[in-house]
Structures are given as C-alpha cells and as structure tokens.
Amino acid sequence: MKRRKLFAVLLSAVMVMSVLVGCGGDGSSGSSGETADDTIYLRLMSPLESTDWQQTSTLEGNKITYVQLFEGLYGIDESEGGYYNLLAKDVDISDDGLTYTIELVDATFQNGDTVTADDVVFSYEMAMNNAKFGYVTSMIDTVTAQDDKTVVITLKYPYSAIDHTFFTVKITSQREYEEIVDGGGTFGTAPHKAGTGPYYVEEYDVASGVKLTAYEDYWQGAPDIKHVEYRVIAEDAAAVIAYENGELDYITDAPLTEWENIESAAGDRCELVPANDIQFLAINYKSESNNGILSNPKVREAIFYAINKDDIVLSSTTGYGSPAYEYMLPEYVPTSPNADDGGFKTYDYDEDAAHQCLLDAGFTEEEIEAGIPVGTILTYPSDNSPKGKAAVVIQENLRKNGMIAEVEIKEASPGTIDMYNQNYDMAVYSDSGNYDYNNIRQQLDSESTGMYIVSYKDDNNTFDWQYMEDLIDKGVAVTDTEERVGIYTELWDYVMNTQTILPLYHSAVGIAWSDRIDVSAINPTYYHLTDMSWA
C-alpha cells in the first residue's frame with residue numbers, strides 16, 4: 001500500500017451567490033457598536049431550501065449544510081490551500097489506485113451517536129443513488145465497512161480527483177435519518193442532529209431564516225460562538241444598511257457597488273479577494289426559437305464576438321472582476337488550461353468578426369441592419385444582480401451588432417431548473433468552488449444530469465460528445481499535473497469550438513465583519529464559523 005498525505009495544494013478564494021427578504025437587529029454600528037446578546041448574525045440572500053446537504057442546490061445553502069452542519073471524509077480550508085483530512089483520520093491507497101482504505105476519527109453526531117463505518121456506507125450509497133451527485137460518485141464501484149472504524153472504497157478506475165468526492169459527500173446519521181423517514185417525515189424539512197459538524201439547527205423557517213446552536217461535544221472542540229442566526233435579506237442595499245447598523249456581524253459576497261461604503265464602515269475588518277468562480281454565457285444549440293437559429297454555428301460565433309467582456313466586468317462587478325477565458329482560474333486550479341499558453345480558442349469583442357459571421361450564416365446586410373432575432377437571455381435572480389446586469393449588457397452588445405435578444409430574469413430555483421432542463425435559448429449562469437479541473441464534468445459529461453446547462457449528447461450527433469467524455473476520463477486517470485493540463489487544454493479547445501459556452505468574467509469577493517468578533521481565517525466560499533470568536 002502507498003500512503004498519501006491528503007493536503008492538496010489547490011489554491012482557493014471563491015465566490016458566493018445572491019438572492020431574498022428582511023432583517024432586524026438589536027445592535028448599533030457594524031464598525032463600532034456592540035450588542036448585549038451572545039448571537040452572531042449573518043445574511044442569507046435567499047431562504048435555506050433544506051437542512052439536508054443533499055437538497056441544498058445553491059452555493060449559499062451549501063455554505064451552511066456542507067461546513068457548519070455536516071462534514072465529509074475531507075474538508076476544505078481555502079485559507080490553508082485546499083483539501084484536508086476531516087472525518088478520515090488516515091487513508092491508504094492501493095498501488096493500482098483503485099482501493100482506498102480509510103480509518104475514521106473518533107467523532108459523534110450531534111445526537112450523541114458514535115460515527116461508524118456503517119454511517120459512511122449509508123451516506124455514500126445515498127449519494128450514489130442520487131443523480132445530482134453522479135459527477136462525484138460515478139467512479140465508485142463499492143463502499144464497504146471493514147469494521148466499525150474502517151471503510152473501504154473501491155473505484156472502477158483510477159481517479160485522481162477523488163478529493164472532491166470525499167469533500168462533497170457528507171456523513172449522515174443512518175439511525176436518525178431512517179427514523180425520520182420511517183416516521184413519515186421528509187429529512188431536511190425540520191431541525192435535526194444528524195450531522196457531525198460544529199453546529200446543529202435549533203430553529204428553521206424556510207421563509208425567514210435559520211438559527212444554529214453550537215454542538216458542545218463537537219469532536220474538534222466546542223465552538224467559541226454558541227449561537228448563530230441567519231437572516232434572509234433579499235436586497236443588497238438593505239444588507240449593507242444592516243451591516244452598517246450593527247445588525248449583521250459577518251457579510252460575505254458584499255455588493256461590490258457598495259464596497260467603498262463597506263470599507264469605510266469596516267475599517268480594517270474587511271477584505272476584497274479574487275473569486276474562484278466563473279460567470280458564463282451558455283447557448284442552447286437545440287433551441288427551436290426563430291426556426292432553430294442557434295443551431296447555426298456561425299450565429300453562435302457571431303454572438304461570441306459581439307460580447308464585450310470589459311463592459312460586463314464594469315457593470316457586474318463595478319470593475320473589481322476580470323474578463324474570463326478559462327472555465328477556472330489557473331492560479332487557483334493548478335490543473336486548469338491557461339489562455340496565456342495559446343492552446344485553445346478565445347473570443348474577444350470584434351465587431352468586424354461578428355458581422356462577417358452573420359454574413360457567413362446567410363443573412364443579408366439589410367437583415368443585419370434591421371436586427372436578427374436570436375432568442376431570449378435567461379438568468380437569475382434579479383435585475384440588479386451581477387448576472388442580471390450581465391444579461392442586459394449582452395442584450396445591448398448584440399443590438400449593436402445586428403442581433404435582437406430579449407432578457408428574462410427569474411428567481412434562482414425556477415431559473416436554474418429551466419437551464420438544467422435546456423428550456424432556454426441563451427443563459428447567463430455561474431459556477432464556483434472549483435479546486436480541480438475535473439469539476440468541469442458537471443457541465444460536459446452526460447452523466448451530470450441536473451447539473452449541466454448545455455446537453456452535448458444528442459440524437460443528431462452535432463458534437464463528438466464521446467470524445468469529450470473520453471478526455472474527461474483520461475484527465476483523472478493520470479496524476480501528473482502537467483499531463484492533466486495538456487489533456488484539459490485539448491478538451492477546452494474542443495468546447496470553445498462548439499461555440500456553446502463563453503466565459504464572461506471572474507468576480508471578486510468582498511467580506512466584512514463587525515468589531516464584536518475576530519476572524520482568524522478568510523475563506524471566501526466555504527467559511528468556517530469555528531474561525532470566528534468573540535473580540
């Protein structure tokens with residue numbers, strides 16, 4: 001057996017999402033006031049959909065369920081460089097890279113039960129039977145309990161990106177889960193103590209917010225902060241006012257349009273960091289709008305050339321972001337292709353190229369002058385959100401280049417469902433929290449049903465989807481970083497030449513906190529409440 005030390009050197013710093021409702025508070029100034037209670041207050045931009053890690057579908061919800069309530073075999077600490085052993089005390093890997101023998105730490109669930117190998121098997125089998133997690137479990141053959149403290153996971157093929165699987169699949173108390181379900185309940189619709197995390201849900205209201213309480217017997221030691229309240233605040237302006245008034249103790253993904261005001265209120269208690277995210281335009285080549293106009297690759301190429309990324313960066317991030325060419329930033333993801341290497345096609349704003357593409361597509365000068373309808377740009381969650389602003393800029397860019405598009409803004413849940421079901425013409429979507437380029441399988445692999453926006457597998461064989469999936473599999477069959485970059489560069493070049501996914505921009509993350517707390521580490525995406533203590 002060969003032993004691997006499981007601290008990946010993957011960098012990080014990511015984004016956070018946006019969305020919904022009101023606040024209140026009993027504090028004074030976010031920069032100088034104090035409150036008398038022992039609760040810290042955070043913002044939720046949209047309601048927490050569930051207290052079950054399997055059911056939260058937004059990054060914002062995952063920040064609660066994936067870190068504060070539940071834990072996996074591995075954790076992620078962005079401030080320390082990536083993945084680390086969490087519930088896995090030790091991991092041995094067979095020489096052929098197929099068998100992982102995992103010794104568990106001594107830990108208990110919040111209900112007091114000891115974590116056993118059977119709970120791990122139960123949790124992995126749930127994930128393996130859930131299509132949503134196919135992108136992180138499809139490589140697993142079997143998960144078995146060798147004894148109470150030892151789990152054996154056998155893979156179908158060597159898979160160098162298994163770290164993300166061990167982070168994503170959370171360990172759930174089999175006893176409590178089954179008691180709730182067998183009793184006629186739906187797990188995740190009410191508070192429970194089925195996780196191993198440092199906090200459990202004390203109160204849960206899907207509309208207004210959620211209250212957490214520290215688990216005093218947490219296996220890594222009781223948290224310093226005993227009570228946490230998330231308040232649903234839809235509007236960015238309201239969230240900034242709440243922070244300035246001392247009604248929020250920690251705000252992440254602060255609105256960049258208000259960053260100067262937040263800095264003024266926060267003083268040295270704030271940071272602006274680059275986000276490990278991607279905002280992109282997806283084009284549904286199967287759309288039937290305007291006689292299937294988007295099935296024409298020259299029309300899709302014209303759309304790509306017509307988009308001015310600098311305009312979008314200015315509008316969506318107040319200039320704090322950066323134009324995107326890769327799906328993932330190479331400085332955060334060592335296995336990512338790099339546009340500077342010139343190994344794949346890139347698109348920048350080019351009016352002449354856009355015009356020529358429309359001519360090549362068979363349109364006349366008169367039709368271009370009048371404006372060619374190309375469909376609707378769908379995004380979420382609001383007109384004033386970064387994605388909403390990007391959609392409006394794209395609409396104007398297209399208009400200037402002879403194409404007419406409508407903009408449709410939906411709430412996050414119905415909007416993303418339409419995208420996952422390919423019920424759209426064009427869509428502005430985002431992805432984040434990527435630490436290995438293999439995560440792109442969420443968008444490119446046919447097994448990722450319910451995750452991808454563009455479906456490359458189709459009866460007409462428009463694209464060589466099997467070639468794409470073979471490259472995805474090839475990329476995780478090897479461990480050498482340089483070799484993997486070469487494989488993924490070939491893959492991304494193919495994707496760019498389909499004219500279906502256009503990277504738009506990488507954002508920035510603003511984080512600020514009140515003088516009531518100290519924050520020992522900045523983790524822009526998966527922050528840890530255990531990194532916070534009373535000042």
# chains A, B, ... in the order shown; residues from 1 in each chain; ligands from 1

call {"tool": "select_by_dssp", "arguments": {"residues": "region 319-461 of chain A", "states": "strand (DSSP E or B)", "output": "PyMOL selection string"}}
result
chain A and resi 322-323+372-379+403-409+426-432

call {"tool": "write_last_selection", "arguments": {"atoms": "C-alpha atoms", "output": "mmCIF file, in the first residue's frame"}}
result
data_model
loop_
_atom_site.group_PDB
_atom_site.id
_atom_site.type_symbol
_atom_site.label_atom_id
_atom_site.label_comp_id
_atom_site.auth_asym_id
_atom_site.auth_seq_id
_atom_site.Cartn_x
_atom_site.Cartn_y
_atom_site.Cartn_z
ATOM 1 C CA SER A 322 -11.659 40.355 -14.624
ATOM 2 C CA PRO A 323 -12.555 39.082 -18.132
ATOM 3 C CA ILE A 372 -31.886 39.420 -36.397
ATOM 4 C CA PRO A 373 -33.921 37.876 -33.543
ATOM 5 C CA VAL A 374 -31.748 35.316 -31.740
ATOM 6 C CA GLY A 375 -33.954 34.476 -28.760
ATOM 7 C CA THR A 376 -34.124 35.245 -25.038
ATOM 8 C CA ILE A 377 -31.322 35.561 -22.499
ATOM 9 C CA LEU A 378 -32.388 33.804 -19.291
ATOM 10 C CA THR A 379 -30.733 34.418 -15.928
ATOM 11 C CA MET A 403 -28.920 40.854 -33.299
ATOM 12 C CA ILE A 404 -32.021 41.242 -31.160
ATOM 13 C CA ALA A 405 -32.486 39.409 -27.856
ATOM 14 C CA GLU A 406 -34.955 39.644 -25.005
ATOM 15 C CA VAL A 407 -33.936 39.323 -21.340
ATOM 16 C CA GLU A 408 -35.853 37.163 -18.863
ATOM 17 C CA ILE A 409 -34.967 37.221 -15.158
ATOM 18 C CA MET A 426 -29.239 31.683 -24.033
ATOM 19 C CA ALA A 427 -28.419 31.723 -20.335
ATOM 20 C CA VAL A 428 -26.084 33.575 -18.000
ATOM 21 C CA TYR A 429 -25.010 31.074 -15.361
ATOM 22 C CA SER A 430 -22.257 30.748 -12.778
ATOM 23 C CA ASP A 431 -20.096 28.051 -11.245
ATOM 24 C CA SER A 432 -17.737 28.285 -8.304
#

call {"tool": "closest_atom_pairs", "arguments": {"of": "region 499-535 of chain A", "to": "region 453-470 of chain A", "cutoff": "12 Å", "atoms": "only C-alpha atoms", "output": "tab-separated table"}}
result
residue	atom	partner	partner_atom	distance
A:Gln499	CA	A:Val454	CA	11.0
A:Thr500	CA	A:Val454	CA	7.3
A:Ile501	CA	A:Val454	CA	8.0
A:Leu502	CA	A:Val454	CA	11.6

call {"tool": "write_last_selection", "arguments": {"atoms": "N, CA, C and O atoms", "output": "PDB file, in the first residue's frame"}}
result
ATOM      1  N   GLN A 499     -18.794  26.699 -29.760  1.00  0.00           N
ATOM      2  CA  GLN A 499     -19.493  27.986 -29.594  1.00  0.00           C
ATOM      3  C   GLN A 499     -20.776  27.826 -28.757  1.00  0.00           C
ATOM      4  O   GLN A 499     -21.842  28.316 -29.119  1.00  0.00           O
ATOM      5  N   THR A 500     -20.663  27.129 -27.640  1.00  0.00           N
ATOM      6  CA  THR A 500     -21.824  26.920 -26.776  1.00  0.00           C
ATOM      7  C   THR A 500     -21.619  27.476 -25.365  1.00  0.00           C
ATOM      8  O   THR A 500     -22.603  27.772 -24.679  1.00  0.00           O
ATOM      9  N   ILE A 501     -20.386  27.582 -24.904  1.00  0.00           N
ATOM     10  CA  ILE A 501     -20.087  28.133 -23.579  1.00  0.00           C
ATOM     11  C   ILE A 501     -19.037  29.219 -23.743  1.00  0.00           C
ATOM     12  O   ILE A 501     -17.924  28.954 -24.208  1.00  0.00           O
ATOM     13  N   LEU A 502     -19.396  30.434 -23.367  1.00  0.00           N
ATOM     14  CA  LEU A 502     -18.456  31.548 -23.453  1.00  0.00           C
ATOM     15  C   LEU A 502     -18.157  32.075 -22.050  1.00  0.00           C
ATOM     16  O   LEU A 502     -19.044  32.631 -21.390  1.00  0.00           O
TER      17      LEU A 502
END

call {"tool": "closest_atom_pairs", "arguments": {"of": "region 213-321 of chain A", "to": "region 103-115 of chain A", "cutoff": "8 Å", "atoms": "only C-alpha atoms", "output": "CSV"}}
result
residue,atom,partner,partner_atom,distance
A:Tyr215,CA,A:Gln110,CA,6.3
A:Asp217,CA,A:Gln110,CA,7.7
A:Tyr218,CA,A:Thr108,CA,7.2
A:Trp219,CA,A:Ala107,CA,5.1

call {"tool": "write_last_selection", "arguments": {"atoms": "N, CA and C atoms", "output": "CSV table (one decimal), in the first residue's frame"}}
result
chain,number,residue,atom,x,y,z
A,215,TYR,N,-22.6,22.7,18.9
A,215,TYR,CA,-22.6,21.4,19.5
A,215,TYR,C,-21.4,21.3,20.5
A,217,ASP,N,-20.3,19.0,22.3
A,217,ASP,CA,-19.4,17.8,22.3
A,217,ASP,C,-18.8,17.6,20.9
A,218,TYR,N,-18.7,18.6,20.1
A,218,TYR,CA,-18.1,18.5,18.8
A,218,TYR,C,-16.7,17.9,18.9
A,219,TRP,N,-16.4,17.0,18.1
A,219,TRP,CA,-15.2,16.2,18.2
A,219,TRP,C,-13.9,17.0,18.1

call {"tool": "closest_atom_pairs", "arguments": {"of": "region 206-286 of chain A", "to": "region 62-83 of chain A", "cutoff": "10 Å", "atoms": "only C-alpha atoms", "output": "tab-separated table"}}
result
residue	atom	partner	partner_atom	distance
A:Val210	CA	A:Ile64	CA	9.9
A:Leu212	CA	A:Leu69	CA	8.8
A:Ala214	CA	A:Gln68	CA	9.5
A:Tyr215	CA	A:Leu69	CA	9.6
A:Tyr230	CA	A:Ile64	CA	9.7

call {"tool": "residues_around", "arguments": {"residues": "Phe122 (chain A)", "least_positions_apart": "6", "cutoff": "9 Å", "atoms": "only C-alpha atoms", "output": "ChimeraX atom specification"}}
result
/A:143,171-174

call {"tool": "write_last_selection", "arguments": {"atoms": "C-alpha atoms", "output": "PDB file, in the first residue's frame"}}
result
ATOM      1  CA  VAL A 143     -18.241   1.134  -0.394  1.00  0.00           C
ATOM      2  CA  ILE A 171     -21.710  11.726   6.507  1.00  0.00           C
ATOM      3  CA  THR A 172     -25.224  11.417   7.921  1.00  0.00           C
ATOM      4  CA  SER A 173     -26.519   9.531  10.950  1.00  0.00           C
ATOM      5  CA  GLN A 174     -28.216   6.482   9.481  1.00  0.00           C
TER       6      GLN A 174
END

call {"tool": "closest_residue", "arguments": {"among": "A:Gly342, A:Gly183, A:Gly188, A:Gly97", "to": "Ser50 (chain A)", "atoms": "only C-alpha atoms"}}
result
A:Gly188

call {"tool": "select_by_dssp", "arguments": {"residues": "region 119-361 of chain A", "states": "helix (DSSP H, G or I)", "output": "JSON, numbers by chain"}}
result
{"A": [119, 120, 121, 122, 123, 124, 125, 126, 127, 128, 131, 132, 133, 134, 135, 136, 137, 162, 163, 164, 165, 166, 167, 168, 174, 175, 176, 177, 178, 179, 180, 181, 182, 236, 237, 238, 239, 240, 241, 242, 243, 244, 256, 257, 258, 259, 260, 261, 262, 263, 264, 265, 266, 289, 290, 291, 292, 293, 294, 295, 297, 298, 299, 300, 301, 302, 303, 304, 305, 306, 309, 310, 311, 312, 313, 314, 315, 316, 317, 339, 340, 341, 351, 352, 353, 354, 355, 356, 357, 358, 359, 360]}

call {"tool": "closest_residue", "arguments": {"among": "A:Ser514, A:Thr213, A:Ser533, A:Ser385", "to": "Glu263 (chain A)", "atoms": "only C-alpha atoms"}}
result
A:Ser514

call {"tool": "residues_around", "arguments": {"residues": "Pro381 (chain A)", "least_positions_apart": "5", "cutoff": "7 Å", "atoms": "only C-alpha atoms", "output": "VMD selection string"}}
result
chain A and resid 19 409 to 412

call {"tool": "write_last_selection", "arguments": {"atoms": "N, CA, C and O atoms", "output": "mmCIF file, in the first residue's frame"}}
result
data_model
loop_
_atom_site.group_PDB
_atom_site.id
_atom_site.type_symbol
_atom_site.label_atom_id
_atom_site.label_comp_id
_atom_site.auth_asym_id
_atom_site.auth_seq_id
_atom_site.Cartn_x
_atom_site.Cartn_y
_atom_site.Cartn_z
ATOM 1 N N VAL A 19 -29.480 36.505 -3.560
ATOM 2 C CA VAL A 19 -30.952 36.428 -3.676
ATOM 3 C C VAL A 19 -31.765 37.018 -2.499
ATOM 4 O O VAL A 19 -31.585 38.063 -2.158
ATOM 5 N N ILE A 409 -35.574 37.440 -16.465
ATOM 6 C CA ILE A 409 -34.967 37.221 -15.158
ATOM 7 C C ILE A 409 -35.952 36.440 -14.300
ATOM 8 O O ILE A 409 -37.100 36.856 -14.129
ATOM 9 N N LYS A 410 -35.513 35.312 -13.764
ATOM 10 C CA LYS A 410 -36.355 34.508 -12.886
ATOM 11 C C LYS A 410 -35.704 34.380 -11.506
ATOM 12 O O LYS A 410 -34.527 34.684 -11.336
ATOM 13 N N GLU A 411 -36.480 33.904 -10.547
ATOM 14 C CA GLU A 411 -35.900 33.563 -9.262
ATOM 15 C C GLU A 411 -34.951 32.387 -9.462
ATOM 16 O O GLU A 411 -35.034 31.654 -10.444
ATOM 17 N N ALA A 412 -34.056 32.196 -8.499
ATOM 18 C CA ALA A 412 -32.977 31.225 -8.680
ATOM 19 C C ALA A 412 -33.476 29.812 -8.968
ATOM 20 O O ALA A 412 -33.015 29.162 -9.914
#

call {"tool": "residues_around", "arguments": {"residues": "region 326-329 of chain A", "least_positions_apart": "4", "cutoff": "8 Å", "atoms": "only C-alpha atoms", "output": "number ranges by chain"}}
result
A: 276-278, 333, 336-339, 434, 437, 440, 503

call {"tool": "write_last_selection", "arguments": {"atoms": "N, CA, C and O atoms", "output": "compact mmCIF listing (two decimals), in the first residue's frame"}}
result
# COMPACT_ATOMS: atom_id res chain seq x y z
N ASN A 276 -12.74 32.50 -7.01
CA ASN A 276 -12.52 31.31 -7.82
C ASN A 276 -13.87 30.88 -8.39
O ASN A 276 -14.48 29.93 -7.96
N ASP A 277 -14.33 31.67 -9.36
CA ASP A 277 -15.65 31.43 -9.93
C ASP A 277 -15.60 31.65 -11.43
O ASP A 277 -14.57 32.02 -11.99
N ILE A 278 -16.71 31.41 -12.06
CA ILE A 278 -16.85 31.70 -13.48
C ILE A 278 -18.31 32.07 -13.75
O ILE A 278 -19.23 31.40 -13.29
N VAL A 333 -6.55 26.81 -9.67
CA VAL A 333 -6.70 25.40 -10.05
C VAL A 333 -5.50 24.99 -10.89
O VAL A 333 -5.45 25.26 -12.10
N SER A 336 -5.83 23.54 -14.44
CA SER A 336 -6.61 24.27 -15.44
C SER A 336 -5.76 24.69 -16.64
O SER A 336 -4.61 25.12 -16.48
N PRO A 337 -6.31 24.62 -17.85
CA PRO A 337 -5.66 25.23 -19.01
C PRO A 337 -5.49 26.73 -18.78
O PRO A 337 -6.24 27.34 -18.02
N ASN A 338 -4.51 27.31 -19.46
CA ASN A 338 -4.20 28.73 -19.30
C ASN A 338 -4.23 29.41 -20.66
O ASN A 338 -3.53 28.99 -21.59
N ALA A 339 -5.05 30.45 -20.79
CA ALA A 339 -5.16 31.15 -22.07
C ALA A 339 -3.82 31.71 -22.53
O ALA A 339 -3.58 31.83 -23.74
N ASN A 434 -14.42 25.52 -7.47
CA ASN A 434 -13.67 24.50 -8.21
C ASN A 434 -12.22 24.45 -7.73
O ASN A 434 -11.54 25.47 -7.68
N TYR A 437 -9.75 20.68 -12.10
CA TYR A 437 -10.41 20.89 -13.39
C TYR A 437 -11.39 19.79 -13.74
O TYR A 437 -12.29 19.97 -14.57
N ILE A 440 -15.22 20.21 -14.20
CA ILE A 440 -15.91 20.65 -15.42
C ILE A 440 -16.82 19.56 -15.96
O ILE A 440 -17.70 19.83 -16.79
N PRO A 503 -16.93 31.93 -21.55
CA PRO A 503 -16.58 32.54 -20.27
C PRO A 503 -16.74 34.05 -20.35
O PRO A 503 -16.29 34.68 -21.31

call {"tool": "closest_residue", "arguments": {"among": "A:Ser46, A:Thr39, A:Thr318, A:Thr335", "to": "Ile517 (chain A)", "atoms": "only C-alpha atoms"}}
result
A:Thr39

call {"tool": "residues_around", "arguments": {"residues": "Tyr305 (chain A)", "least_positions_apart": "2", "cutoff": "7 Å", "atoms": "only C-alpha atoms", "output": "number ranges by chain"}}
result
A: 301-303, 307, 347-351, 353-354

call {"tool": "atom_distance", "arguments": {"atom1": "CA of Asp205 (chain A)", "atom2": "CA of Ile262 (chain A)"}}
result
28.8 Å

call {"tool": "atom_distance", "arguments": {"atom1": "CA of Ala242 (chain A)", "atom2": "CA of Ser413 (chain A)"}}
result
25.6 Å

call {"tool": "closest_residue", "arguments": {"among": "A:Val169, A:Val509, A:Lys226, A:Ala127", "to": "Glu271 (chain A)", "atoms": "only C-alpha atoms"}}
result
A:Val509

call {"tool": "atom_distance", "arguments": {"atom1": "CA of Asn130 (chain A)", "atom2": "CA of Asp148 (chain A)"}}
result
25.1 Å

call {"tool": "closest_residue", "arguments": {"among": "A:Arg300, A:Lys170, A:His227, A:Lys387", "to": "Ala361 (chain A)", "atoms": "only C-alpha atoms"}}
result
A:Arg300
